[in-house]
Every structure is written in C-alpha cells, then in structure tokens.
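Peer 1: Input file: model_18.cif. Contents: mmCIF, C-alpha atoms.
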data_start
loop_
_atom_site.label_atom_id
_atom_site.label_comp_id
_atom_site.auth_asym_id
_atom_site.auth_seq_id
_atom_site.Cartn_x
_atom_site.Cartn_y
_atom_site.Cartn_z
CA MET A 11 36.41 -11.28 16.94
CA THR A 12 34.95 -14.43 15.40
CA ILE A 13 37.23 -17.09 13.94
CA THR A 14 36.22 -20.01 11.75
CA ALA A 15 38.84 -22.30 10.32
CA ASN A 16 39.33 -25.34 8.18
CA ASP A 17 42.63 -26.98 7.26
CA ILE A 18 43.42 -24.45 4.54
CA VAL A 19 41.59 -21.20 5.26
CA THR A 20 40.92 -19.24 8.44
CA LYS A 21 38.22 -16.58 8.35
CA VAL A 22 38.19 -13.76 10.86
CA CYS A 23 35.13 -11.53 11.24
CA GLN A 24 33.94 -8.82 13.57
CA LEU A 25 37.29 -7.43 14.47
CA SER A 26 37.81 -3.78 15.27
CA SER A 27 41.43 -3.71 14.19
CA LEU A 28 43.99 -5.94 12.50
CA TYR A 29 46.15 -5.48 15.59
CA GLN A 30 43.85 -7.99 17.30
CA LEU A 31 45.20 -10.67 14.98
CA SER A 32 48.70 -10.28 16.34
CA GLN A 33 47.38 -10.64 19.88
CA GLU A 34 45.46 -13.82 19.17
CA ARG A 35 47.84 -15.65 16.84
CA GLU A 36 47.29 -19.08 18.39
CA GLN A 37 43.56 -18.94 17.69
CA LEU A 38 44.19 -18.50 13.98
CA GLY A 39 45.47 -22.07 13.56
CA GLU A 40 47.93 -22.93 10.77
CA PRO A 41 46.14 -21.65 7.68
CA CYS A 42 47.45 -21.24 4.14
CA LEU A 43 45.24 -18.18 3.74
CA LEU A 44 43.80 -15.81 6.32
CA LEU A 45 40.65 -14.04 5.19
CA ILE A 46 40.12 -10.87 7.21
CA TYR A 47 36.54 -9.64 6.86
CA ALA A 48 36.59 -5.89 7.31
CA ASP A 49 34.18 -3.00 7.03
CA GLY A 50 34.40 0.75 7.16
CA ASN A 51 34.99 0.66 10.91
CA THR A 52 37.88 -1.78 10.84
CA ALA A 53 41.22 -0.14 11.51
CA LEU A 54 44.77 -1.29 11.19
CA GLY A 55 45.40 -0.32 14.81
CA ASN A 56 44.26 2.24 17.33
CA ASP A 57 47.57 4.09 17.42
CA GLU A 58 50.89 4.10 15.56
CA SER A 59 52.33 1.41 17.78
CA GLU A 60 49.44 -0.95 17.11
CA LYS A 61 49.51 -0.16 13.39
CA THR A 62 53.19 -0.96 13.20
CA GLU A 63 52.70 -4.21 15.06
CA ALA A 64 49.73 -5.25 12.91
CA ALA A 65 51.64 -4.56 9.69
CA ARG A 66 54.69 -6.43 11.02
CA PHE A 67 52.56 -9.40 12.02
CA LEU A 68 51.11 -9.80 8.54
CA ARG A 69 54.42 -9.10 6.81
CA GLU A 70 56.13 -11.86 8.79
CA ALA A 71 53.22 -14.31 8.78
CA ASP A 72 53.83 -17.75 7.33
CA PHE A 73 50.46 -17.63 5.54
CA MET A 74 48.97 -15.42 2.86
CA SER A 75 46.40 -12.85 3.90
CA ALA A 76 43.52 -11.06 2.25
CA VAL A 77 41.29 -8.26 3.45
CA VAL A 78 37.71 -9.03 2.42
CA SER A 79 35.09 -6.31 2.31
CA ASP A 80 31.84 -5.18 0.73
CA GLY A 81 33.07 -1.71 0.00
CA ASP A 82 36.10 0.49 0.01
CA ILE A 83 38.72 0.01 2.67
CA SER A 84 41.56 2.29 3.70
CA ASP A 85 44.87 2.17 1.87
CA GLU A 86 46.71 1.25 5.05
CA LEU A 87 44.43 -1.72 5.59
CA ALA A 88 44.79 -2.88 1.99
CA SER A 89 48.54 -2.52 1.96
CA ALA A 90 48.98 -4.48 5.19
CA ALA A 91 47.61 -7.67 3.63
CA ASP A 92 48.82 -9.56 0.57
CA MET A 93 45.52 -9.23 -1.27
CA THR A 94 42.11 -7.60 -1.21
CA LEU A 95 38.90 -9.39 -2.16
CA LYS A 96 35.26 -8.48 -2.55
CA ALA A 97 33.09 -10.26 -0.01
CA ASP A 98 30.73 -11.77 -2.56
CA GLU A 99 33.64 -13.21 -4.57
CA ALA A 100 35.89 -14.51 -1.81
CA ASP A 101 34.55 -18.06 -1.46
CA GLU A 102 34.53 -18.68 -5.20
CA TYR A 103 38.03 -17.24 -5.53
CA VAL A 104 39.40 -19.46 -2.78
CA ALA A 105 37.75 -22.53 -4.28
CA LYS A 106 39.30 -21.75 -7.67
CA LEU A 107 42.74 -21.21 -6.20
CA TYR A 108 43.03 -24.32 -4.11
CA LYS A 109 41.04 -26.83 -6.15
CA ASP A 110 42.70 -30.28 -6.10
CA LYS A 111 45.77 -29.05 -4.22
CA THR A 112 47.27 -30.45 -1.06
CA LYS A 113 48.14 -28.30 1.90
CA LYS A 114 51.80 -29.10 1.32
CA GLN A 115 51.66 -27.87 -2.27
CA ILE A 116 49.85 -24.69 -1.27
CA ARG A 117 52.40 -24.00 1.45
CA GLU A 118 55.31 -24.57 -0.94
CA ILE A 119 53.85 -22.09 -3.43
CA ASN A 120 52.98 -19.70 -0.61
CA ALA A 121 56.61 -19.78 0.52
CA CYS A 122 57.65 -18.03 -2.71
CA PHE A 123 55.14 -15.24 -2.21
CA ILE A 124 55.99 -14.89 1.45
CA LYS A 125 59.68 -14.63 0.54
CA ALA A 126 58.86 -11.98 -2.06
CA ARG A 127 57.34 -9.70 0.60
CA THR A 128 60.79 -8.71 1.79
CA ALA A 129 63.52 -10.50 -0.16
CA PRO A 130 65.12 -9.70 -3.53
CA ALA A 131 64.17 -11.66 -6.65
CA GLU A 132 67.28 -13.86 -6.41
CA GLU A 133 66.01 -15.36 -3.15
CA VAL A 134 62.54 -15.90 -4.56
CA LEU A 135 64.11 -17.69 -7.54
CA ALA A 136 65.96 -20.01 -5.17
CA THR A 137 62.84 -20.61 -3.08
CA GLU A 138 60.81 -21.67 -6.12
CA SER A 139 63.55 -24.09 -7.21
CA ARG A 140 63.74 -25.84 -3.85
CA ALA A 141 59.95 -25.99 -3.61
CA PHE A 142 59.89 -27.56 -7.06
CA TYR A 143 62.21 -30.38 -6.04
CA ARG A 144 60.33 -31.07 -2.82
CA LEU A 145 57.02 -31.28 -4.70
CA MET A 146 58.50 -33.28 -7.55
CA ALA A 147 59.85 -35.75 -5.01
CA ASP A 148 56.28 -36.31 -3.83
CA LYS A 149 55.12 -36.63 -7.41
CA ASN A 150 57.82 -39.21 -8.07
CA GLY A 151 56.81 -41.27 -5.10
CA GLY A 152 58.24 -39.72 -2.00
CA ASN A 153 61.98 -39.88 -1.83
CA SER A 154 63.15 -40.57 -5.34
CA ASN A 155 65.17 -37.40 -5.71
CA GLU A 156 66.31 -36.86 -2.19
CA MET X 26 73.90 -17.26 -37.54
CA ASN X 27 72.48 -20.50 -36.21
CA GLU X 28 69.96 -21.89 -38.69
CA ASN X 29 70.69 -25.60 -38.67
CA ASN X 30 68.30 -26.74 -35.99
CA GLY X 31 65.01 -25.96 -34.34
CA MET X 32 66.31 -22.72 -32.91
CA ILE X 33 66.80 -20.17 -35.68
CA LEU X 34 68.91 -17.21 -34.63
CA GLU X 35 69.18 -14.36 -37.10
CA GLU X 36 70.46 -10.80 -37.04
CA GLN X 37 69.17 -7.80 -38.92
CA ASP X 38 70.15 -4.18 -38.33
CA GLY X 39 71.69 -5.02 -34.97
CA ILE X 40 68.63 -6.87 -33.68
CA LEU X 41 68.85 -10.58 -32.91
CA THR X 42 65.74 -12.65 -33.55
CA LEU X 43 65.32 -16.14 -32.12
CA SER X 44 62.58 -18.16 -33.78
CA MET X 45 61.80 -21.32 -31.83
CA ASN X 46 60.89 -24.03 -34.32
CA MET X 47 60.90 -27.25 -32.34
CA PRO X 48 58.36 -30.07 -32.81
CA GLY X 49 54.95 -30.10 -31.18
CA ASN X 50 54.56 -26.31 -31.13
CA ASN X 51 57.76 -25.98 -29.13
CA LEU X 52 56.85 -28.68 -26.64
CA MET X 53 59.64 -28.52 -24.10
CA THR X 54 61.10 -31.99 -24.27
CA ALA X 55 64.68 -32.92 -23.42
CA ASP X 56 65.56 -32.15 -27.07
CA PHE X 57 63.98 -28.72 -26.76
CA PHE X 58 65.94 -27.86 -23.64
CA ARG X 59 69.19 -29.07 -25.22
CA GLU X 60 68.67 -26.85 -28.29
CA TYR X 61 67.41 -23.97 -26.18
CA GLU X 62 70.42 -24.02 -23.87
CA ALA X 63 72.79 -24.20 -26.84
CA VAL X 64 71.29 -21.19 -28.59
CA MET X 65 71.10 -19.23 -25.33
CA ALA X 66 74.80 -19.94 -24.73
CA GLU X 67 75.43 -18.51 -28.20
CA ILE X 68 73.38 -15.42 -27.37
CA GLU X 69 75.27 -15.00 -24.10
CA GLU X 70 78.56 -15.06 -26.02
CA LYS X 71 77.29 -12.53 -28.54
CA ALA X 72 76.09 -10.25 -25.76
CA ALA X 73 79.53 -10.30 -24.19
CA ALA X 74 81.41 -9.77 -27.43
CA GLY X 75 79.25 -7.62 -29.62
CA LYS X 76 77.01 -4.62 -29.80
CA TYR X 77 73.39 -5.46 -30.34
CA LYS X 78 70.31 -3.31 -29.99
CA GLY X 79 68.02 -6.06 -28.78
CA LEU X 80 66.76 -9.63 -28.89
CA ILE X 81 63.34 -10.76 -30.05
CA ILE X 82 62.12 -14.23 -29.03
CA LYS X 83 59.16 -15.76 -30.81
CA GLY X 84 57.65 -19.00 -32.00
CA ALA X 85 58.44 -19.79 -35.63
CA GLY X 86 54.90 -21.04 -36.14
CA ARG X 87 51.55 -20.22 -34.68
CA HIS X 88 52.45 -20.80 -31.04
CA PHE X 89 55.12 -19.37 -28.77
CA SER X 90 55.42 -22.64 -26.79
CA VAL X 91 52.99 -25.11 -25.29
CA GLY X 92 55.35 -25.67 -22.35
CA ALA X 93 57.05 -28.65 -20.80
CA ASP X 94 56.29 -32.30 -21.16
CA VAL X 95 55.39 -32.97 -17.50
CA ASP X 96 56.18 -36.68 -17.71
CA ALA X 97 59.63 -35.92 -19.12
CA LEU X 98 60.11 -33.36 -16.38
CA ALA X 99 59.25 -35.94 -13.73
CA ASP X 100 61.65 -38.46 -15.29
CA ARG X 101 64.43 -35.91 -15.39
CA SER X 102 63.99 -34.73 -11.83
CA ALA X 103 63.85 -38.34 -10.62
CA ASN X 104 67.37 -38.76 -11.96
CA GLU X 105 68.67 -35.59 -10.34
CA THR X 106 70.13 -35.39 -6.90
CA TYR X 107 68.59 -32.85 -4.54
CA ASP X 108 69.24 -33.01 -0.82
CA ASP X 109 66.80 -30.75 0.98
CA SER X 110 68.95 -30.76 4.11
CA THR X 111 71.67 -28.82 2.27
CA GLY X 112 69.44 -26.97 -0.20
CA VAL X 113 72.05 -27.44 -2.92
CA LEU X 114 70.23 -27.59 -6.24
CA PRO X 115 71.16 -30.01 -9.04
CA GLU X 116 73.73 -28.62 -11.46
CA GLY X 117 71.48 -29.40 -14.41
CA HIS X 118 68.72 -27.29 -12.91
CA ILE X 119 71.08 -24.42 -12.12
CA ARG X 120 72.32 -24.42 -15.72
CA GLN X 121 68.83 -24.68 -17.15
CA LYS X 122 67.50 -21.92 -14.92
CA HIS X 123 70.43 -19.68 -15.77
CA PHE X 124 69.46 -19.79 -19.43
CA PHE X 125 66.01 -18.52 -18.52
CA THR X 126 66.80 -15.92 -15.88
CA PHE X 127 69.93 -14.47 -17.51
CA LEU X 128 67.71 -12.90 -20.15
CA ARG X 129 66.84 -10.21 -17.62
CA GLU X 130 70.52 -9.27 -17.22
CA LEU X 131 71.44 -9.00 -20.90
CA PRO X 132 72.82 -5.59 -21.92
CA PHE X 133 70.06 -5.04 -24.48
CA PRO X 134 66.27 -5.28 -24.34
CA VAL X 135 64.82 -8.78 -24.65
CA VAL X 136 61.31 -8.83 -26.08
CA SER X 137 59.11 -11.91 -26.28
CA VAL X 138 56.48 -11.79 -29.00
CA VAL X 139 53.69 -13.95 -27.64
CA THR X 140 51.38 -15.69 -30.08
CA GLY X 141 49.06 -18.66 -29.73
CA PHE X 142 49.76 -20.75 -26.66
CA CYS X 143 52.41 -19.53 -24.25
CA ILE X 144 52.18 -21.97 -21.41
CA GLY X 145 54.21 -23.26 -18.48
CA SER X 146 57.94 -23.15 -19.10
CA GLY X 147 57.19 -21.39 -22.39
CA SER X 148 55.60 -18.63 -20.37
CA GLU X 149 58.72 -18.58 -18.22
CA ILE X 150 60.81 -17.56 -21.24
CA ALA X 151 58.39 -14.68 -21.71
CA VAL X 152 58.32 -13.50 -18.11
CA ASN X 153 62.10 -13.61 -17.86
CA SER X 154 62.27 -11.27 -20.85
CA HIS X 155 62.23 -7.55 -20.17
CA TYR X 156 59.12 -7.05 -22.27
CA ARG X 157 56.18 -8.98 -23.71
CA MET X 158 54.26 -8.06 -26.86
CA ILE X 159 51.08 -10.11 -26.92
CA GLU X 160 49.03 -10.72 -30.03
CA LYS X 161 45.30 -10.89 -29.63
CA ASN X 162 45.00 -14.60 -30.38
CA ALA X 163 47.31 -15.62 -27.54
CA ARG X 164 46.56 -17.54 -24.36
CA VAL X 165 49.04 -17.60 -21.52
CA GLY X 166 49.36 -19.29 -18.17
CA GLN X 167 51.35 -21.23 -15.61
CA PRO X 168 49.40 -24.48 -15.17
CA GLU X 169 52.15 -26.26 -13.22
CA SER X 170 50.15 -26.10 -9.99
CA THR X 171 47.44 -28.24 -11.56
CA PHE X 172 50.06 -30.99 -11.95
CA GLY X 173 51.08 -30.88 -8.29
CA ILE X 174 54.18 -28.73 -8.76
CA LEU X 175 54.95 -25.05 -9.41
CA PRO X 176 56.87 -22.98 -11.98
CA ALA X 177 60.57 -23.11 -11.12
CA LEU X 178 62.36 -21.36 -13.97
CA GLY X 179 61.49 -17.88 -12.80
CA GLY X 180 57.76 -18.22 -13.33
CA VAL X 181 56.83 -17.28 -9.78
CA ALA X 182 59.46 -14.64 -9.03
CA ARG X 183 59.13 -12.82 -12.35
CA THR X 184 55.33 -12.95 -12.41
CA ILE X 185 55.23 -11.31 -8.98
CA GLU X 186 57.58 -8.61 -10.28
CA ILE X 187 55.53 -8.04 -13.43
CA CYS X 188 51.94 -8.42 -12.23
CA GLY X 189 52.09 -7.76 -8.48
CA THR X 190 51.38 -10.19 -5.66
CA GLN X 191 47.65 -10.71 -6.06
CA ASN X 192 47.59 -11.20 -9.83
CA ALA X 193 50.64 -13.44 -9.69
CA TYR X 194 49.16 -15.51 -6.87
CA THR X 195 45.97 -16.01 -8.84
CA LEU X 196 47.84 -17.03 -11.99
CA VAL X 197 50.31 -19.37 -10.30
CA MET X 198 48.01 -20.96 -7.72
CA SER X 199 44.96 -21.43 -9.95
CA GLY X 200 47.01 -22.48 -12.98
CA GLU X 201 44.31 -21.10 -15.24
CA LEU X 202 45.04 -19.94 -18.77
CA ILE X 203 44.07 -16.38 -19.57
CA SER X 204 43.34 -14.51 -22.77
CA ALA X 205 45.58 -11.89 -24.32
CA ASP X 206 43.17 -9.19 -23.18
CA ASP X 207 43.36 -10.37 -19.58
CA ALA X 208 47.14 -10.75 -19.75
CA PHE X 209 47.42 -7.16 -20.91
CA ALA X 210 44.95 -5.94 -18.27
CA LEU X 211 46.90 -7.70 -15.50
CA GLY X 212 50.18 -6.15 -16.62
CA TRP X 213 51.60 -9.49 -17.76
CA ALA X 214 51.94 -8.07 -21.27
CA ASP X 215 53.35 -4.62 -22.00
CA ILE X 216 51.85 -4.09 -25.44
CA PHE X 217 48.69 -5.55 -26.96
CA ALA X 218 49.17 -6.09 -30.68
CA ASP X 219 46.98 -7.16 -33.57
CA LYS X 220 47.80 -10.42 -35.33
CA LYS X 221 51.20 -10.35 -37.05
CA GLN X 222 52.01 -7.00 -35.42
CA GLY X 223 53.99 -8.30 -32.45
CA VAL X 224 57.35 -8.36 -34.21
CA PRO X 225 57.00 -4.86 -35.74
CA GLU X 226 56.02 -3.60 -32.27
CA ALA X 227 59.08 -5.28 -30.77
CA VAL X 228 61.37 -3.74 -33.38
CA SER X 229 59.78 -0.35 -32.76
CA LEU X 230 60.40 -0.61 -29.01
CA ILE X 231 64.01 -1.76 -29.43
CA GLU X 232 64.75 1.05 -31.90
CA TYR X 233 63.15 3.57 -29.52
CA ILE X 234 65.26 2.46 -26.58
CA SER X 235 68.41 2.40 -28.68
CA ALA X 236 67.77 5.87 -30.08
CA ASN X 237 66.73 7.53 -26.82
CA PHE X 238 68.72 5.88 -24.08
CA GLY X 239 71.96 4.62 -25.63
CA ASP X 240 73.35 1.90 -23.43
CA PHE X 241 70.64 -0.31 -21.99
CA ALA X 242 70.62 -0.63 -18.20
CA PRO X 243 68.66 -3.79 -17.29
CA SER X 244 67.63 -2.36 -13.92
CA ARG X 245 65.84 0.49 -15.70
CA TYR X 246 63.76 -1.67 -18.03
CA LYS X 247 60.41 -0.52 -16.64
CA GLU X 248 61.39 3.11 -17.02
CA TYR X 249 62.16 2.56 -20.71
CA MET X 250 58.75 1.02 -21.30
CA ASP X 251 56.98 3.88 -19.52
CA SER X 252 58.84 6.33 -21.75
CA TYR X 253 57.99 4.34 -24.87
CA LYS X 254 54.30 4.26 -24.02
CA LYS X 255 54.25 8.00 -23.39
CA SER X 256 55.94 8.60 -26.73
CA ARG X 257 53.21 6.57 -28.46
CA GLU X 258 50.50 8.62 -26.80
CA ALA X 259 52.06 11.94 -27.76
#
Write the structure described by the file as structure tokens, please.

Peer 2:
Amino acid sequence: MTITANDIVTKVCQLSSLYQLSQEREQLGEPCLLLIYADGNTALGNDESEKTEAARFLREADFMSAVVSDGDISDELASAADMTLKADEADEYVAKLYKDKTKKQIREINACFIKARTAPAEEVLATESRAFYRLMADKNGGNSNE
Amino acid sequence: MNENNGMILEEQDGILTLSMNMPGNNLMTADFFREYEAVMAEIEEKAAAGKYKGLIIKGAGRHFSVGADVDALADRSANETYDDSTGVLPEGHIRQKHFFTFLRELPFPVVSVVTGFCIGSGSEIAVNSHYRMIEKNARVGQPESTFGILPALGGVARTIEICGTQNAYTLVMSGELISADDAFALGWADIFADKKQGVPEAVSLIEYISANFGDFAPSRYKEYMDSYKKSREA
C-alpha cells in the first residue's frame, strides 16, 4: 500500500483490500478526503469479518472517502465509500471542490455529510447550524459571536 | 389573503400560491426575512386550521430568489449569541430555520416552481419543499461555501436527501451554479418544465396527489412523486 498525503487529501494506491486502511489508520494522517485508488483486484476484505471491519471503518471515519478507479468496481466497494470517482477526473474534481477553502471550513462542511451517514435529518440540520456559526465567527473576526 | 406586501399569498380551488415579490429579485435582506417569516406563520396557521390541497411557492418575477445578502448575514450573526461550548443556537436562527424546514412537515404537498436564479437561501426554500418544478431557464446552486460559510437553513441536509451524498457534496462544497438540465439530471428537480409551464405542472401534481391519495402524509412524499411520474408515462 502506497500513501501520499497533503494537508487536505490523502491518496492510497496499490492496496489489495480496503480492510488494510483500518489496520493502518495512523499512516493516513488527518485528511478531509481519502482517495482510494482501486482496480479490478481490489476487494473490500478477504472474508466477511474483514469486509465488516472495512465498511465500519469508513462509515465511522472523520473524513470523506472516495473510491477512484479506471473501470467498474464492485457494488460493495462503491457502497463502502462516500463517493466514486473516475481516475482521470479525480484531481480536477478535488481542485474544484476545495478551491479557496480552508481546512477548517472543509471539515465543518464534511461534518454534515459524516453525520448524514448514520443520523436522521434533524441531527444533520443541527450540525449545519452549529457549523455555520463557527464559520461565521471566523468570518466576523474570530470571536465576535461566541 | 395577504396581498399588501412583497409576499403575495393567494388561494384558488384549495391551492395556496405564494408569490415572492421582494426587491432585488427576492434578495434575502433583513426585510425579506421579516416578510417571509410573517407569511410562513400565516401559512402555518392555515395548515393547522384549514383543508388545503397544496402550496406553490414561486418568484413573482423572473427569478425565484437570488439568495441572501452575505454582508447582512454577517452583520446579523455578529449580533447573535452562540456559545459553542453549549451548542445552544440563537433563538432568531431557530425561528428562521423553522420557517424553512417546517415546509417539509406541512399536511399538503409544497411545490417550488423554480425560475431564473434560485441561489443560496433561495435554493433552501426550494430544497425544503417536497417537490421542485424547474423551468428550463433556471440556474440553481448553494454558493455559500465560496464565501467561507455553508448553507444552514436546510441546504445541506435536504440536498443530501434529495440528490444523494456525492451530488450534494459536489454542489455544497464547490458552490457552483448548475443549469436546469443538470439540476434535473442530479435529482435536485423532480420535473423539468418549459418556460411558463412550472405552475401548471405544480397544479397538476397537487391535483393528482389530492385525487389519488387523499390525506397527504409528508413521510411518503417521494412515493407520491414516483406514482405521478408513472401516471404521466402511461
């Protein structure tokens, strides 16, 4: 497994299964987005136990995740991550998403999507409101509405 | 019916129609929000007291709404008290958000007819509605992220529900505006309509739901739309 990371995005290549991610969490850093480059040989896990653990890891992760591939990937791989991207479009997509945004802003927006993985809409609504006031406080100069 | 301000609320054949007619193509200033909250309170009372088949929300002019005045938003939030250690949100925000998100709980279908620009908090009125009819000239989006913030009147939660995680993430995080065609393709809009056909389409949908399902159950709103679309194909 090869890992390259900057402050916002961590890219993982050459992994045989997504289960490996859960076993090497510390090497992934603190990304906003994890790009998992997969091919036809990449599995979710080698058995049901590993598959369950890999899916749990991504479901509970405090970052967004995307499976990136040149071709078709299995449904179980696609459904384990938040998104799927084509390999030749991934860099452009990421640049478009995060242009001119701070890591704090990205993480605040991410928090809504992460909440939505498992929580009802009412909790996502509350998450977006609190994120709004934290970001607006920065916009207003730091602590003006705290 | 309320016709003495920038929010024109009318009723015909059991269908309420709200035409937003505020200055600057429904620029969401403090005046806009004051008028909006007042008319939504009136709609909430009517919903509790009367029997209506549906509510249509539209711009009175060319545009649905160009969204919030970001400077005014910053001024307002600077005067609000939010303590992140308790997570208790300002009362003004709770009230304002209620008058967006309660649309989804009304006991009749709420249909936004989207024309022209439908941006930011304007888009949040639309996504909190049960259904969106989009006319082919429209452009929609949630550009809040390009101003350092995010949509907070249901724009994130509802867009996820309507468009799915990936499409919603792209819309909210990029802040880009998209065409009516793209909005329809992403599932943001339920029906793609020709110019001037959004309101007739909304009336058609409301009449269909009323005739075929009787009492409207908000939790079943997607099921009603699926049935309506099948009936159009038959």

Peer 1: Kindly indicate which residue among A:Thr128, A:Gln115, A:Asn16, A:Ser27 lies nearest to chain X, using only C-alpha atoms for the distances.

Peer 2: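 When distances to chain X are compared using only C-alpha atoms, the smallest one comes from A:Gln115.
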
Peer 1: Can you translate the PyMOL selection byres ((chain A) within 9 of (chain X)) into the concrete residues it hits in this file, as a PyMOL selection string?

Peer 2: chain A and resi 92-94+103+106-112+115-116+118-120+122-123+126-127+131-150+154-156

Peer 1: Please compute the CA of Val77 (chain A)-CA of Ala208 (chain X) distance, one decimal, in Å.

Peer 2: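 Separating CA of Val77 (chain A) from CA of Ala208 (chain X) is a distance of 24.1 Å.
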
Peer 1: Could you list, as a PyMOL selection string, every residue matched by the PyMOL selection byres ((chain X and resi 65-69) around 12) in this structure?

Peer 2: chain X and resi 26-27+32-36+40-43+45+57-64+70-77+79-82+120-133+135+150

Peer 1: Next, the residues of the selection above should be written as a CSV table (one decimal), in the coordinates of the input with C-alpha atoms.

Peer 2:
chain,number,residue,atom,x,y,z
X,26,MET,CA,73.9,-17.3,-37.5
X,27,ASN,CA,72.5,-20.5,-36.2
X,32,MET,CA,66.3,-22.7,-32.9
X,33,ILE,CA,66.8,-20.2,-35.7
X,34,LEU,CA,68.9,-17.2,-34.6
X,35,GLU,CA,69.2,-14.4,-37.1
X,36,GLU,CA,70.5,-10.8,-37.0
X,40,ILE,CA,68.6,-6.9,-33.7
X,41,LEU,CA,68.8,-10.6,-32.9
X,42,THR,CA,65.7,-12.6,-33.6
X,43,LEU,CA,65.3,-16.1,-32.1
X,45,MET,CA,61.8,-21.3,-31.8
X,57,PHE,CA,64.0,-28.7,-26.8
X,58,PHE,CA,65.9,-27.9,-23.6
X,59,ARG,CA,69.2,-29.1,-25.2
X,60,GLU,CA,68.7,-26.8,-28.3
X,61,TYR,CA,67.4,-24.0,-26.2
X,62,GLU,CA,70.4,-24.0,-23.9
X,63,ALA,CA,72.8,-24.2,-26.8
X,64,VAL,CA,71.3,-21.2,-28.6
X,70,GLU,CA,78.6,-15.1,-26.0
X,71,LYS,CA,77.3,-12.5,-28.5
X,72,ALA,CA,76.1,-10.2,-25.8
X,73,ALA,CA,79.5,-10.3,-24.2
X,74,ALA,CA,81.4,-9.8,-27.4
X,75,GLY,CA,79.2,-7.6,-29.6
X,76,LYS,CA,77.0,-4.6,-29.8
X,77,TYR,CA,73.4,-5.5,-30.3
X,79,GLY,CA,68.0,-6.1,-28.8
X,80,LEU,CA,66.8,-9.6,-28.9
X,81,ILE,CA,63.3,-10.8,-30.0
X,82,ILE,CA,62.1,-14.2,-29.0
X,120,ARG,CA,72.3,-24.4,-15.7
X,121,GLN,CA,68.8,-24.7,-17.2
X,122,LYS,CA,67.5,-21.9,-14.9
X,123,HIS,CA,70.4,-19.7,-15.8
X,124,PHE,CA,69.5,-19.8,-19.4
X,125,PHE,CA,66.0,-18.5,-18.5
X,126,THR,CA,66.8,-15.9,-15.9
X,127,PHE,CA,69.9,-14.5,-17.5
X,128,LEU,CA,67.7,-12.9,-20.2
X,129,ARG,CA,66.8,-10.2,-17.6
X,130,GLU,CA,70.5,-9.3,-17.2
X,131,LEU,CA,71.4,-9.0,-20.9
X,132,PRO,CA,72.8,-5.6,-21.9
X,133,PHE,CA,70.1,-5.0,-24.5
X,135,VAL,CA,64.8,-8.8,-24.6
X,150,ILE,CA,60.8,-17.6,-21.2

Peer 1: CA of Ala55 (chain X) to CA of Val95 (chain X): how many Å, to one decimal?

Peer 2: 11.0 Å

Peer 1: List the residues matched by the PyMOL selection byres ((chain X and resi 31) around 6) in the displayed structure as a list in words, ordered by chain and then by residue number.

Peer 2: Asn30, Met32, Asn46 and Met47 of chain X
